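Colleague: Mind looking over this structure? Questions follow.
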Amino acid sequence: MKWLVTGGAGYIGAHVVRAMLASGESAVVLDDLSTGTRSRVPDEVPLVVGTILDRALLDDVLAEHRPDGIVHIAGKKQVGESMARPLYYYEQNVEGLRILLAAAVDAGVSRFVFSSSAAVYGMPDTDLVDEDYPSVPLSPYGQTKLAGEWLIRTTAEAHGIAYASLRYFNVAGAAAPELADEGVFNLIPMVLERLTADEPPRVFGADYATPDGTCVRDYIHVADLADAHVVAARRLATDPKTALTLNVGRGTGTSVREVIDLVARVTGRTDLPPVVVDRRPGDPACVVGRTDRIAHELGWTARYDIEDMVSSAWEGWQRRH
Ligand code: WQD
């Protein structure tokens, strides 16, 4: 089958495109290159440069390439930025999705994989969140992902679309050094940046109600995440009634201090112990996803561990710097 992958020139999107090709699917990419890079798109995959907000462009792309489904990854994903620019995030992530869905319905595209996020859970007060846990997002970013899930669910029911909304937990690592995350907005790249600048990593608060006082997260290797998209797409291809919202994580937590210690060991920079600074507003103490549902529905479980994520992120960092 052929899939339109929006955001396919980005860090996660490029991994998804490669995994789709490796599994025998074909792809076409739509990306505005605001954060993606052309070099991440394989030569055999057509790249259309533009925004999902451009309805006329979407109509042209769907008419020319006639995809059997859409994998929608394009979007803005920085929590901090969304606090300062909520209207921009609602425009890009919700209005953009609405326009994409309208174009898909009019073109008769009836399969949709959506990039959602654990940010929909906000500040859960349980150690393991399952998909039925109340979603109370704290940031405009998380709100746009939850609104996106509602948009897709209601559109799918009204127009007969098979969908899978994938709630990404904390994505890290790289399947190849050239595909590593070039953004420095998340823990592992931020620690790499500090260490390679001969500065101590910073721990945003060490007084949380967690085993070592630092925040716990469910880190998922981007290669595992990409595979989850492949099995979700396959399910949509075989079952037109598919209506799934799934956590995509490892189901186990790793603390900030554990991650920083691992990065220090992998990079050999154990000479710069972290410094504890103030908490970052809005950080939940612990967000770890129960992954029974995706295992049951798609037969998917994560293969890589936190060491694989850190070592592959370090290889990518070294290649770029
Ligand atoms: C992880 C932990 C920080 C840097 C967000 C979104 C989520 C997803 C991933 C898109 C936190 C701590 C970080 C540092 C630190 N994005 N930290 N020192 O906030 O868990 O999740 O990004 O889908 O939806 O909500 O990820 O990597 O920013 O932070 O102590 O230098 O590391 O406080 O506890 P987060 P993160």
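Chain labels run A, B, ... following the order of the structure tokens; each chain numbers its residues from 1, and ligands are numbered from 1 in the order shown.
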Each residue of chain A lying at most 8 Å from ligand 1 should get a row with its shortest atom-to-atom pair and the distance in Å to one decimal, counting only C-alpha atoms and all ligand atoms; could you produce that, ordered by chain and increasing number, as a tab-separated table?
Modeller:
residue	atom	partner	partner_atom_place_in_ligand_line	distance
A:Lys77	CA	ligand 1	10 (C)	5.0
A:Gln78	CA	ligand 1	16 (N)	6.4
A:Val79	CA	ligand 1	25 (O)	5.8
A:Ser116	CA	ligand 1	23 (O)	7.2
A:Ser117	CA	ligand 1	23 (O)	4.8
A:Ala118	CA	ligand 1	24 (O)	5.4
A:Ala119	CA	ligand 1	24 (O)	4.3
A:Val120	CA	ligand 1	24 (O)	7.8
A:Tyr141	CA	ligand 1	24 (O)	7.7
A:Gly142	CA	ligand 1	24 (O)	6.8
A:Tyr168	CA	ligand 1	23 (O)	6.0
A:Phe169	CA	ligand 1	8 (C)	6.2
A:Asn170	CA	ligand 1	9 (C)	4.7
A:Val171	CA	ligand 1	9 (C)	6.6
A:Phe185	CA	ligand 1	28 (O)	6.1
A:Asn186	CA	ligand 1	27 (O)	3.2
A:Leu187	CA	ligand 1	27 (O)	3.8
A:Ile188	CA	ligand 1	27 (O)	6.8
A:Met190	CA	ligand 1	31 (O)	5.1
A:Val191	CA	ligand 1	31 (O)	5.7
A:Pro201	CA	ligand 1	31 (O)	6.2
A:Arg202	CA	ligand 1	18 (N)	4.9
A:Val203	CA	ligand 1	30 (O)	3.6
A:Phe204	CA	ligand 1	30 (O)	3.8
A:Gly205	CA	ligand 1	30 (O)	6.7
A:Thr214	CA	ligand 1	34 (O)	7.1
A:Cys215	CA	ligand 1	34 (O)	4.5
A:Val216	CA	ligand 1	34 (O)	6.6
A:Arg217	CA	ligand 1	20 (O)	6.1
A:Ser255	CA	ligand 1	2 (C)	7.9
A:Val256	CA	ligand 1	32 (O)	5.4
A:Arg257	CA	ligand 1	30 (O)	7.9
A:Arg279	CA	ligand 1	33 (O)	6.8
A:Arg280	CA	ligand 1	33 (O)	5.6
A:Asp283	CA	ligand 1	34 (O)	5.7
A:Pro284	CA	ligand 1	34 (O)	7.0
A:Ala285	CA	ligand 1	34 (O)	6.9
A:Val287	CA	ligand 1	20 (O)	7.6
Colleague: Can you pull out every residue within 6 Å of Val288 (chain A), counting only C-alpha atoms, but drop anything in the same chain fewer than 3 positions away, and send it as a PyMOL selection string?
Modeller: chain A and resi 128+217-218+251+253
Colleague: Could the residues in this selection be saved with N, CA, C and O atoms as a short mmCIF file (atom, residue, chain, number, x, y, z; two decimals), in the first residue's frame?
Modeller:
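File written: result.cif
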data_model
loop_
_atom_site.label_atom_id
_atom_site.label_comp_id
_atom_site.auth_asym_id
_atom_site.auth_seq_id
_atom_site.Cartn_x
_atom_site.Cartn_y
_atom_site.Cartn_z
N LEU A 128 1.49 3.83 36.41
CA LEU A 128 1.35 3.29 35.05
C LEU A 128 0.01 3.79 34.48
O LEU A 128 -1.03 3.47 35.03
N ARG A 217 10.37 8.87 33.45
CA ARG A 217 9.69 8.88 32.16
C ARG A 217 9.82 7.53 31.48
O ARG A 217 10.69 6.73 31.81
N ASP A 218 8.97 7.29 30.50
CA ASP A 218 8.98 6.05 29.73
C ASP A 218 9.64 6.36 28.38
O ASP A 218 9.01 6.92 27.49
N GLY A 251 6.72 0.72 28.93
CA GLY A 251 6.04 0.27 30.14
C GLY A 251 6.94 0.25 31.37
O GLY A 251 6.57 -0.25 32.43
N GLY A 253 9.84 2.78 33.68
CA GLY A 253 10.32 4.15 33.86
C GLY A 253 11.80 4.21 34.11
O GLY A 253 12.41 3.27 34.65
#
Colleague: Grab the CA of Ala162 (chain A) to CA of Thr242 (chain A) distance for me, in Å with one decimal place.
Modeller: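 CA of Thr242 (chain A) lies 4.8 Å from CA of Ala162 (chain A).
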Colleague: List every residue of region 152-255 of chain A that DSSP, applied to the backbone, labels as strand (DSSP E or B), and write the result as number ranges by chain.
Modeller: A: 162-168, 170-172, 202-204, 216-217, 219-221, 243-248, 254-255
Colleague: Pick out the closest residue to Tyr11 (chain A) from this set: A:Ala103, A:Val222, A:Ala237, A:Val113. Count only C-alpha atoms.
Modeller: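 That would be A:Val222, the residue with the smallest distance to Tyr11 (chain A).
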Colleague: Might you pull out every residue within 8 Å of Gly10 (chain A), with only C-alpha atoms counted and same-chain residues fewer than 3 positions away left off, and present them as a PyMOL selection string?
Modeller: chain A and resi 7+13-14+33+35-37+40
Colleague: I want to know what sits within 9 Å of Arg98 (chain A), based on only C-alpha atoms, with residues of the same chain fewer than 6 positions away left out; could you give that as a PDB file with all heavy atoms, in the first residue's frame?
Modeller:
ATOM      1  N   LEU A  53      -1.814  22.940   5.975  1.00  0.00           N
ATOM      2  CA  LEU A  53      -2.835  23.993   6.054  1.00  0.00           C
ATOM      3  C   LEU A  53      -3.290  24.442   4.660  1.00  0.00           C
ATOM      4  O   LEU A  53      -4.268  25.172   4.525  1.00  0.00           O
ATOM      5  CB  LEU A  53      -2.292  25.189   6.853  1.00  0.00           C
ATOM      6  CG  LEU A  53      -2.141  24.927   8.362  1.00  0.00           C
ATOM      7  CD1 LEU A  53      -1.092  25.850   8.973  1.00  0.00           C
ATOM      8  CD2 LEU A  53      -3.471  25.094   9.074  1.00  0.00           C
ATOM      9  N   GLY A 148      -6.917  16.518  18.739  1.00  0.00           N
ATOM     10  CA  GLY A 148      -6.673  15.778  17.497  1.00  0.00           C
ATOM     11  C   GLY A 148      -7.279  14.391  17.559  1.00  0.00           C
ATOM     12  O   GLY A 148      -7.891  13.913  16.597  1.00  0.00           O
ATOM     13  N   LEU A 151     -10.984  14.767  17.077  1.00  0.00           N
ATOM     14  CA  LEU A 151     -11.277  15.071  15.670  1.00  0.00           C
ATOM     15  C   LEU A 151     -11.270  13.782  14.846  1.00  0.00           C
ATOM     16  O   LEU A 151     -12.185  13.514  14.062  1.00  0.00           O
ATOM     17  CB  LEU A 151     -10.203  16.029  15.127  1.00  0.00           C
ATOM     18  CG  LEU A 151     -10.554  17.483  14.866  1.00  0.00           C
ATOM     19  CD1 LEU A 151      -9.329  18.221  14.369  1.00  0.00           C
ATOM     20  CD2 LEU A 151     -11.672  17.606  13.835  1.00  0.00           C
ATOM     21  N   ILE A 152     -10.237  13.001  15.045  1.00  0.00           N
ATOM     22  CA  ILE A 152     -10.094  11.773  14.246  1.00  0.00           C
ATOM     23  C   ILE A 152     -11.198  10.781  14.579  1.00  0.00           C
ATOM     24  O   ILE A 152     -11.849  10.217  13.692  1.00  0.00           O
ATOM     25  CB  ILE A 152      -8.706  11.155  14.478  1.00  0.00           C
ATOM     26  CG1 ILE A 152      -7.642  12.023  13.808  1.00  0.00           C
ATOM     27  CG2 ILE A 152      -8.635   9.716  13.955  1.00  0.00           C
ATOM     28  CD1 ILE A 152      -6.246  11.722  14.245  1.00  0.00           C
TER      29      ILE A 152
END
Colleague: Could you go through region 69-273 of chain A and tell me which residues DSSP, when run on the backbone, assigns to helix (DSSP H, G or I), listing them as JSON, numbers by chain?
Modeller: {"A": [79, 80, 81, 82, 83, 84, 86, 87, 88, 89, 90, 91, 92, 93, 94, 95, 96, 97, 98, 99, 100, 101, 102, 103, 104, 105, 106, 107, 118, 119, 120, 121, 140, 141, 142, 143, 144, 145, 146, 147, 148, 149, 150, 151, 152, 153, 154, 155, 156, 157, 158, 159, 177, 178, 179, 187, 188, 189, 190, 191, 192, 193, 194, 195, 196, 222, 223, 224, 225, 226, 227, 228, 229, 230, 231, 232, 233, 234, 235, 236, 237, 238, 256, 257, 258, 259, 260, 261, 262, 263, 264, 265, 266, 267]}
Colleague: A:Val16, A:Val109, A:Leu138, A:Val184: which is nearest Met123 (chain A), counting only C-alpha atoms?
Modeller: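 Result for the nearest residue to Met123 (chain A): A:Leu138.
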Colleague: What is the distance, in Å and to one decimal place, between CA of Val276 (chain A) and CA of Thr126 (chain A)?
Modeller: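 CA of Thr126 (chain A) lies at a distance of 24.9 Å from CA of Val276 (chain A).
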